[in-house]
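Trainee: Please read through the structure below; I'll follow up with questions.
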Amino acid sequence: MELKMKKIGLIGGLSWQSSIEYYRIINEQSNLLLGGSHTVESIMYSTDLPQKLGLMSRRETAELAREFIDISNSLAAAGAGMVLLCTNTMHAVFDEIESSISLPMIHIADATAQAIKEKGLKKVALLGTVFTMQQPFYKDRLARHGIEVTVPSEDEAQEIHRVIVDELTFGDIRESSRALYLDIMERLRREEGAEGAILGCTEIPLLIHQEHTDIPVFDTTFLHAMAAVKLALE
């Protein structure tokens, strides 16, 4: 019997580097399910990252949510059967988007929490943009799953954020930045009791892979994309 899958609507450009990874993972994984040369149908609406980060910086979340709602409705009009917000940071307005559109969505922290629970971990480090690390929206979502979160210091957070916006969004992968991230992860394990680390910006998996550390890492890009394929099949 031929498998039928929902058409996946992707809100990308956040950054375009990680949007490529979403597209790759979704196509690879759906091909495994569908066989032959088949892949799930998808539509990507690529946005301007600095404009969206500007709204976040100015805490203009109502406008940010409105823009994403409009994009989601455009994807629905184009035939999407679900919406995936391809970013961790912009999940700050996930609830507003989800409550205003007719299509199902998957919260990236929910997909990540499922993987953390499957490993039996209770406390994890969270690396991401300063918004994701310092605002409550992500940590509170993980807390719903019984997961405790520890975050880097202010100075560490600023350096993590700098690497994301100045390097990773341009595909600039540096060994010095990898060493910095790994040092911070190790400190959080040693001093804060972190049992694993969430790569809580969709660009970080471009820099950090499981092979680089014995600390369990959770690739939010992969986990979110995999959850989308699963939902598309339901």
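Going by the structure tokens order, chains are called A, B, ..., each with residues numbered from 1, while ligands are numbered from 1 in the order shown.
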Please, which residues of chain A, numbered as in this document, come out helix (DSSP H, G or I) from DSSP, as a VMD selection string?

Mentor: chain A and resid 16 to 34 49 to 57 61 to 77 89 to 98 108 to 118 130 to 134 136 to 143 154 to 166 168 to 170 175 to 192 204 to 206 210 to 212 220 to 233

Trainee: Which residues in region 2-228 of chain A does DSSP call strand (DSSP E)? List them as a PyMOL selection string.

Mentor: chain A and resi 8-12+42-46+82-85+123-127+148-150+196-199+217-219

Trainee: Write out as JSON lines a residue-level contact list of region 96-128 of chain A versus region 179-186 of chain A with cut-off 9 Å: for each qualifying residue the closest pair of atoms and the distance in Å to one decimal, counting only C-alpha atoms, rows sorted by chain and residue number upward.

Mentor:
```
{"residue": "A:Ala125", "atom": "CA", "partner": "A:Met185", "partner_atom": "CA", "distance": 7.1}
{"residue": "A:Leu126", "atom": "CA", "partner": "A:Met185", "partner_atom": "CA", "distance": 8.9}
{"residue": "A:Leu127", "atom": "CA", "partner": "A:Met185", "partner_atom": "CA", "distance": 8.5}
```

Trainee: For the selection you just gave me, I'd like the residues written to a file as an mmCIF file, in the first residue's frame, keeping N, CA, C and O atoms.

Mentor:
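As a result, part21.cif now contains:
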```
data_model
loop_
_atom_site.group_PDB
_atom_site.id
_atom_site.type_symbol
_atom_site.label_atom_id
_atom_site.label_comp_id
_atom_site.auth_asym_id
_atom_site.auth_seq_id
_atom_site.Cartn_x
_atom_site.Cartn_y
_atom_site.Cartn_z
ATOM 1 N N ALA A 125 22.375 20.801 29.962
ATOM 2 C CA ALA A 125 22.823 22.149 29.631
ATOM 3 C C ALA A 125 22.102 22.612 28.370
ATOM 4 O O ALA A 125 21.785 21.803 27.494
ATOM 5 N N LEU A 126 21.853 23.904 28.281
ATOM 6 C CA LEU A 126 21.196 24.480 27.112
ATOM 7 C C LEU A 126 22.113 25.527 26.491
ATOM 8 O O LEU A 126 22.447 26.532 27.119
ATOM 9 N N LEU A 127 22.529 25.284 25.251
ATOM 10 C CA LEU A 127 23.323 26.233 24.484
ATOM 11 C C LEU A 127 22.476 26.741 23.333
ATOM 12 O O LEU A 127 21.767 25.956 22.678
#
```

Trainee: Contacts of Leu10 (chain A) at 9 Å or less, counting only C-alpha atoms, minus same-chain residues fewer than 4 places along, as a PDB file with N, CA, C and O atoms, in the first residue's frame?

Mentor:
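File written: around-v5.pdb
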```pdb
ATOM      1  N   SER A  19      18.522  25.749   7.510  1.00  0.00           N
ATOM      2  CA  SER A  19      17.367  25.359   6.697  1.00  0.00           C
ATOM      3  C   SER A  19      17.757  24.276   5.696  1.00  0.00           C
ATOM      4  O   SER A  19      16.965  23.374   5.395  1.00  0.00           O
ATOM      5  N   TYR A  22      17.576  21.031   7.574  1.00  0.00           N
ATOM      6  CA  TYR A  22      16.184  20.572   7.696  1.00  0.00           C
ATOM      7  C   TYR A  22      15.739  19.891   6.404  1.00  0.00           C
ATOM      8  O   TYR A  22      15.162  18.792   6.431  1.00  0.00           O
ATOM      9  N   TYR A  23      15.992  20.538   5.298  1.00  0.00           N
ATOM     10  CA  TYR A  23      15.557  20.004   4.006  1.00  0.00           C
ATOM     11  C   TYR A  23      16.230  18.664   3.723  1.00  0.00           C
ATOM     12  O   TYR A  23      15.581  17.709   3.276  1.00  0.00           O
ATOM     13  N   SER A  42       7.291  19.178   0.193  1.00  0.00           N
ATOM     14  CA  SER A  42       7.505  20.245   1.164  1.00  0.00           C
ATOM     15  C   SER A  42       7.533  21.594   0.466  1.00  0.00           C
ATOM     16  O   SER A  42       7.768  21.689  -0.738  1.00  0.00           O
ATOM     17  N   ILE A  43       7.265  22.618   1.265  1.00  0.00           N
ATOM     18  CA  ILE A  43       7.285  24.003   0.794  1.00  0.00           C
ATOM     19  C   ILE A  43       8.091  24.808   1.813  1.00  0.00           C
ATOM     20  O   ILE A  43       7.808  24.732   3.009  1.00  0.00           O
ATOM     21  N   MET A  44       9.088  25.555   1.360  1.00  0.00           N
ATOM     22  CA  MET A  44       9.859  26.375   2.297  1.00  0.00           C
ATOM     23  C   MET A  44       9.634  27.858   2.024  1.00  0.00           C
ATOM     24  O   MET A  44       9.746  28.316   0.892  1.00  0.00           O
ATOM     25  N   TYR A  45       9.324  28.583   3.094  1.00  0.00           N
ATOM     26  CA  TYR A  45       9.222  30.038   3.042  1.00  0.00           C
ATOM     27  C   TYR A  45      10.439  30.567   3.794  1.00  0.00           C
ATOM     28  O   TYR A  45      10.529  30.452   5.004  1.00  0.00           O
ATOM     29  N   SER A  46      11.400  31.115   3.048  1.00  0.00           N
ATOM     30  CA  SER A  46      12.653  31.564   3.655  1.00  0.00           C
ATOM     31  C   SER A  46      12.549  33.041   4.030  1.00  0.00           C
ATOM     32  O   SER A  46      12.187  33.884   3.209  1.00  0.00           O
ATOM     33  N   SER A  72       2.620  31.308   7.930  1.00  0.00           N
ATOM     34  CA  SER A  72       1.973  30.005   8.103  1.00  0.00           C
ATOM     35  C   SER A  72       0.716  29.909   7.257  1.00  0.00           C
ATOM     36  O   SER A  72       0.444  28.868   6.625  1.00  0.00           O
ATOM     37  N   LEU A  75       1.659  29.313   3.717  1.00  0.00           N
ATOM     38  CA  LEU A  75       2.017  27.908   3.501  1.00  0.00           C
ATOM     39  C   LEU A  75       0.762  27.040   3.408  1.00  0.00           C
ATOM     40  O   LEU A  75       0.686  26.124   2.581  1.00  0.00           O
ATOM     41  N   ALA A  80       0.222  23.226   2.280  1.00  0.00           N
ATOM     42  CA  ALA A  80       0.897  22.557   3.397  1.00  0.00           C
ATOM     43  C   ALA A  80      -0.124  21.943   4.338  1.00  0.00           C
ATOM     44  O   ALA A  80      -1.184  22.511   4.595  1.00  0.00           O
ATOM     45  N   MET A  82       0.991  20.898   7.458  1.00  0.00           N
ATOM     46  CA  MET A  82       1.565  21.147   8.774  1.00  0.00           C
ATOM     47  C   MET A  82       2.611  22.240   8.611  1.00  0.00           C
ATOM     48  O   MET A  82       3.037  22.550   7.495  1.00  0.00           O
ATOM     49  N   VAL A  83       3.022  22.840   9.751  1.00  0.00           N
ATOM     50  CA  VAL A  83       4.013  23.914   9.724  1.00  0.00           C
ATOM     51  C   VAL A  83       5.142  23.582  10.683  1.00  0.00           C
ATOM     52  O   VAL A  83       4.901  23.139  11.813  1.00  0.00           O
ATOM     53  N   LEU A  84       6.364  23.802  10.225  1.00  0.00           N
ATOM     54  CA  LEU A  84       7.548  23.603  11.054  1.00  0.00           C
ATOM     55  C   LEU A  84       8.336  24.907  11.097  1.00  0.00           C
ATOM     56  O   LEU A  84       8.731  25.428  10.052  1.00  0.00           O
ATOM     57  N   LEU A  85       8.523  25.440  12.294  1.00  0.00           N
ATOM     58  CA  LEU A  85       9.293  26.662  12.497  1.00  0.00           C
ATOM     59  C   LEU A  85      10.747  26.258  12.700  1.00  0.00           C
ATOM     60  O   LEU A  85      11.116  25.751  13.763  1.00  0.00           O
ATOM     61  N   CYS A  86      11.572  26.440  11.681  1.00  0.00           N
ATOM     62  CA  CYS A  86      12.924  25.860  11.643  1.00  0.00           C
ATOM     63  C   CYS A  86      13.937  26.712  12.404  1.00  0.00           C
ATOM     64  O   CYS A  86      14.897  27.247  11.823  1.00  0.00           O
TER      65      CYS A  86
END
```

Trainee: Take CA of Ser30 (chain A) and CA of Glu234 (chain A) and report the distance between them in Å, one decimal.

Mentor: 12.5 Å

Trainee: What's the 7 Å shell around region 217-228 of chain A, counting only C-alpha atoms, without same-chain residues fewer than 2 positions away, as a list in words?

Mentor: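 Selected residues are Tyr22, Ile25, Ile26, Ile108, Ala111, Thr112, Gly196, Ala197, Ile198, Leu199, Gly200, Thr202, Pro205, Gln210, Ile215, Lys230, Leu231 and Ala232 of chain A.
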
Trainee: Since we have the selection now, will you write its residues out, keeping C-alpha atoms, as a PDB file, in the first residue's frame?

Mentor:
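Below is the file part.pdb, written as the result:
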```
ATOM      1  CA  TYR A  22      16.184  20.572   7.696  1.00  0.00           C
ATOM      2  CA  ILE A  25      17.101  15.401   6.863  1.00  0.00           C
ATOM      3  CA  ILE A  26      13.419  15.529   5.916  1.00  0.00           C
ATOM      4  CA  ILE A 108      11.169  21.970  18.892  1.00  0.00           C
ATOM      5  CA  ALA A 111      10.857  16.854  20.189  1.00  0.00           C
ATOM      6  CA  THR A 112      14.101  17.420  22.086  1.00  0.00           C
ATOM      7  CA  GLY A 196      23.788  16.120  28.540  1.00  0.00           C
ATOM      8  CA  ALA A 197      23.750  19.207  26.324  1.00  0.00           C
ATOM      9  CA  ILE A 198      21.015  20.578  24.085  1.00  0.00           C
ATOM     10  CA  LEU A 199      22.370  22.114  20.892  1.00  0.00           C
ATOM     11  CA  GLY A 200      19.577  24.650  21.198  1.00  0.00           C
ATOM     12  CA  THR A 202      19.748  25.000  14.746  1.00  0.00           C
ATOM     13  CA  PRO A 205      24.938  21.096  15.027  1.00  0.00           C
ATOM     14  CA  GLN A 210      28.425  13.653  19.075  1.00  0.00           C
ATOM     15  CA  ILE A 215      28.675  14.253  26.803  1.00  0.00           C
ATOM     16  CA  LYS A 230       6.673  11.263  11.741  1.00  0.00           C
ATOM     17  CA  LEU A 231       3.784  13.732  11.951  1.00  0.00           C
ATOM     18  CA  ALA A 232       3.581  14.004   8.157  1.00  0.00           C
TER      19      ALA A 232
END
```

Trainee: Given the choices A:Val130, A:Leu49, A:Val40, A:Ala62, which gets closest to Pro152 (chain A) if the distance is worked out from only C-alpha atoms?

Mentor: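 Selected residue with least distance to Pro152 (chain A): A:Val130.
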
Trainee: Quick one: residues within 9 Å of Ile69 (chain A), only C-alpha atoms, excluding same-chain residues fewer than 2 positions away - as number ranges by chain?

Mentor: A: 64-67, 71-74, 96-98, 100-101

Trainee: Can you write out the residues you just picked, keeping all heavy atoms, as an mmCIF file, in the first residue's frame?

Mentor:
```cif
data_model
loop_
_atom_site.group_PDB
_atom_site.id
_atom_site.type_symbol
_atom_site.label_atom_id
_atom_site.label_comp_id
_atom_site.auth_asym_id
_atom_site.auth_seq_id
_atom_site.Cartn_x
_atom_site.Cartn_y
_atom_site.Cartn_z
ATOM 1 N N LEU A 64 6.313 39.969 15.740
ATOM 2 C CA LEU A 64 7.008 38.753 15.309
ATOM 3 C C LEU A 64 6.009 37.618 15.094
ATOM 4 O O LEU A 64 6.043 36.935 14.067
ATOM 5 C CB LEU A 64 8.050 38.363 16.353
ATOM 6 C CG LEU A 64 8.988 37.206 16.010
ATOM 7 C CD1 LEU A 64 9.887 37.564 14.835
ATOM 8 C CD2 LEU A 64 9.836 36.846 17.228
ATOM 9 N N ALA A 65 5.128 37.439 16.055
ATOM 10 C CA ALA A 65 4.114 36.391 15.937
ATOM 11 C C ALA A 65 3.206 36.649 14.743
ATOM 12 O O ALA A 65 2.879 35.716 13.983
ATOM 13 C CB ALA A 65 3.290 36.310 17.219
ATOM 14 N N ARG A 66 2.799 37.895 14.545
ATOM 15 C CA ARG A 66 1.908 38.220 13.430
ATOM 16 C C ARG A 66 2.558 37.859 12.097
ATOM 17 O O ARG A 66 1.907 37.296 11.193
ATOM 18 C CB ARG A 66 1.553 39.712 13.445
ATOM 19 C CG ARG A 66 0.508 40.104 12.400
ATOM 20 C CD ARG A 66 0.412 41.605 12.210
ATOM 21 N NE ARG A 66 1.653 42.159 11.659
ATOM 22 C CZ ARG A 66 2.005 42.054 10.381
ATOM 23 N NH1 ARG A 66 1.214 41.407 9.515
ATOM 24 N NH2 ARG A 66 3.113 42.590 9.954
ATOM 25 N N GLU A 67 3.843 38.166 11.965
ATOM 26 C CA GLU A 67 4.529 37.847 10.715
ATOM 27 C C GLU A 67 4.590 36.341 10.474
ATOM 28 O O GLU A 67 4.383 35.866 9.354
ATOM 29 C CB GLU A 67 5.932 38.453 10.726
ATOM 30 C CG GLU A 67 5.921 39.976 10.667
ATOM 31 C CD GLU A 67 7.311 40.584 10.623
ATOM 32 O OE1 GLU A 67 8.303 39.833 10.515
ATOM 33 O OE2 GLU A 67 7.412 41.827 10.683
ATOM 34 N N ILE A 71 2.910 34.050 7.453
ATOM 35 C CA ILE A 71 3.695 33.086 6.673
ATOM 36 C C ILE A 71 3.047 31.701 6.739
ATOM 37 O O ILE A 71 2.936 31.003 5.732
ATOM 38 C CB ILE A 71 5.148 33.042 7.182
ATOM 39 C CG1 ILE A 71 5.862 34.353 6.869
ATOM 40 C CG2 ILE A 71 5.900 31.851 6.567
ATOM 41 C CD1 ILE A 71 7.207 34.509 7.561
ATOM 42 N N SER A 72 2.620 31.308 7.930
ATOM 43 C CA SER A 72 1.973 30.005 8.103
ATOM 44 C C SER A 72 0.716 29.909 7.257
ATOM 45 O O SER A 72 0.444 28.868 6.625
ATOM 46 C CB SER A 72 1.633 29.772 9.575
ATOM 47 O OG SER A 72 2.797 29.767 10.373
ATOM 48 N N ASN A 73 -0.052 30.982 7.223
ATOM 49 C CA ASN A 73 -1.269 30.981 6.409
ATOM 50 C C ASN A 73 -0.932 30.917 4.916
ATOM 51 O O ASN A 73 -1.673 30.303 4.127
ATOM 52 C CB ASN A 73 -2.111 32.216 6.720
ATOM 53 C CG ASN A 73 -2.779 32.124 8.086
ATOM 54 O OD1 ASN A 73 -3.076 31.039 8.572
ATOM 55 N ND2 ASN A 73 -3.019 33.266 8.716
ATOM 56 N N SER A 74 0.182 31.522 4.522
ATOM 57 C CA SER A 74 0.629 31.423 3.127
ATOM 58 C C SER A 74 0.997 29.987 2.782
ATOM 59 O O SER A 74 0.673 29.494 1.692
ATOM 60 C CB SER A 74 1.841 32.337 2.892
ATOM 61 O OG SER A 74 1.501 33.696 3.054
ATOM 62 N N GLU A 96 1.564 31.637 20.352
ATOM 63 C CA GLU A 96 0.736 32.603 19.630
ATOM 64 C C GLU A 96 0.457 32.135 18.199
ATOM 65 O O GLU A 96 -0.656 32.301 17.685
ATOM 66 C CB GLU A 96 1.419 33.978 19.599
ATOM 67 C CG GLU A 96 1.506 34.658 20.968
ATOM 68 C CD GLU A 96 2.744 34.258 21.757
ATOM 69 O OE1 GLU A 96 3.367 33.213 21.443
ATOM 70 O OE2 GLU A 96 3.097 34.990 22.694
ATOM 71 N N ILE A 97 1.482 31.561 17.570
ATOM 72 C CA ILE A 97 1.292 31.065 16.201
ATOM 73 C C ILE A 97 0.333 29.877 16.200
ATOM 74 O O ILE A 97 -0.637 29.837 15.441
ATOM 75 C CB ILE A 97 2.643 30.642 15.585
ATOM 76 C CG1 ILE A 97 3.633 31.796 15.574
ATOM 77 C CG2 ILE A 97 2.428 30.129 14.156
ATOM 78 C CD1 ILE A 97 5.058 31.380 15.257
ATOM 79 N N GLU A 98 0.616 28.899 17.050
ATOM 80 C CA GLU A 98 -0.171 27.668 17.067
ATOM 81 C C GLU A 98 -1.651 27.936 17.308
ATOM 82 O O GLU A 98 -2.512 27.299 16.693
ATOM 83 C CB GLU A 98 0.372 26.722 18.132
ATOM 84 C CG GLU A 98 -0.321 25.364 18.148
ATOM 85 C CD GLU A 98 0.179 24.467 19.264
ATOM 86 O OE1 GLU A 98 0.378 24.969 20.385
ATOM 87 O OE2 GLU A 98 0.350 23.267 19.016
ATOM 88 N N SER A 100 -3.317 30.452 16.459
ATOM 89 C CA SER A 100 -3.921 31.324 15.450
ATOM 90 C C SER A 100 -4.008 30.703 14.065
ATOM 91 O O SER A 100 -4.530 31.333 13.146
ATOM 92 C CB SER A 100 -3.119 32.636 15.347
ATOM 93 O OG SER A 100 -3.105 33.313 16.588
ATOM 94 N N ILE A 101 -3.476 29.480 13.907
ATOM 95 C CA ILE A 101 -3.520 28.846 12.595
ATOM 96 C C ILE A 101 -4.254 27.508 12.691
ATOM 97 O O ILE A 101 -4.428 26.961 13.782
ATOM 98 C CB ILE A 101 -2.107 28.647 12.002
ATOM 99 C CG1 ILE A 101 -1.308 27.622 12.812
ATOM 100 C CG2 ILE A 101 -1.369 29.986 11.928
ATOM 101 C CD1 ILE A 101 0.040 27.254 12.185
#
```

Trainee: Compare A:Glu191, A:Glu21, A:Glu211, A:Glu159 by their minimum atom-to-atom distance to Thr87 (chain A), counting only C-alpha atoms, and give me the closest one.

Mentor: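 Selected residue with least distance to Thr87 (chain A): A:Glu21.
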
Trainee: Name all residues at most 6 Å from region 135-147 of chain A (count only C-alpha atoms; drop same-chain ones fewer than 5 positions away) and give them as a list in words.

Mentor: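 Within the cut-off, the hits are Ala92, Lys122 and Lys123 of chain A.
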
Trainee: Write the residues you've just listed into a file as a CSV table (one decimal), in the first residue's frame, and include N, CA and C atoms for each of them.

Mentor:
```
chain,number,residue,atom,x,y,z
A,92,ALA,N,9.9,31.4,20.8
A,92,ALA,CA,9.4,32.3,21.8
A,92,ALA,C,8.0,32.7,21.6
A,122,LYS,N,17.8,13.8,33.4
A,122,LYS,CA,17.0,14.7,34.2
A,122,LYS,C,17.4,16.1,34.1
A,123,LYS,N,18.8,16.4,33.9
A,123,LYS,CA,19.3,17.7,33.9
A,123,LYS,C,20.2,17.9,32.8
```

Trainee: Please provide as a list of chain:residue names all residues within 10 Å of Ser57 (chain A), with the sequence filter that same-chain residues fewer than 5 positions apart are discarded (counting only C-alpha atoms).

Mentor: A:Gln51, A:Lys52, A:Val130, A:Phe131

Trainee: Suppose we keep all heavy atoms; can you now write the selection as a compact mmCIF listing (two decimals), in the first residue's frame?

Mentor:
```txt
# COMPACT_ATOMS: atom_id res chain seq x y z
N GLN A 51 16.13 40.68 10.31
CA GLN A 51 14.87 41.38 10.60
C GLN A 51 14.14 40.71 11.75
O GLN A 51 13.62 41.37 12.65
CB GLN A 51 14.01 41.41 9.33
CG GLN A 51 12.74 42.24 9.46
CD GLN A 51 11.51 41.40 9.79
OE1 GLN A 51 11.52 40.18 9.63
NE2 GLN A 51 10.47 42.05 10.27
N LYS A 52 14.11 39.38 11.74
CA LYS A 52 13.42 38.65 12.81
C LYS A 52 14.18 38.78 14.13
O LYS A 52 13.57 38.93 15.20
CB LYS A 52 13.27 37.17 12.43
CG LYS A 52 12.39 36.94 11.20
CD LYS A 52 10.95 37.32 11.47
CE LYS A 52 10.03 36.97 10.32
NZ LYS A 52 10.19 37.85 9.14
N VAL A 130 21.36 34.04 22.92
CA VAL A 130 21.13 34.60 24.25
C VAL A 130 19.64 34.59 24.58
O VAL A 130 19.26 34.44 25.75
CB VAL A 130 21.70 36.02 24.38
CG1 VAL A 130 23.22 36.00 24.36
CG2 VAL A 130 21.17 36.95 23.29
N PHE A 131 18.80 34.73 23.57
CA PHE A 131 17.35 34.72 23.81
C PHE A 131 16.91 33.36 24.34
O PHE A 131 16.17 33.26 25.32
CB PHE A 131 16.59 35.05 22.53
CG PHE A 131 17.07 36.27 21.80
CD1 PHE A 131 17.75 36.16 20.60
CD2 PHE A 131 16.88 37.53 22.33
CE1 PHE A 131 18.21 37.27 19.93
CE2 PHE A 131 17.33 38.66 21.67
CZ PHE A 131 18.00 38.53 20.46
```
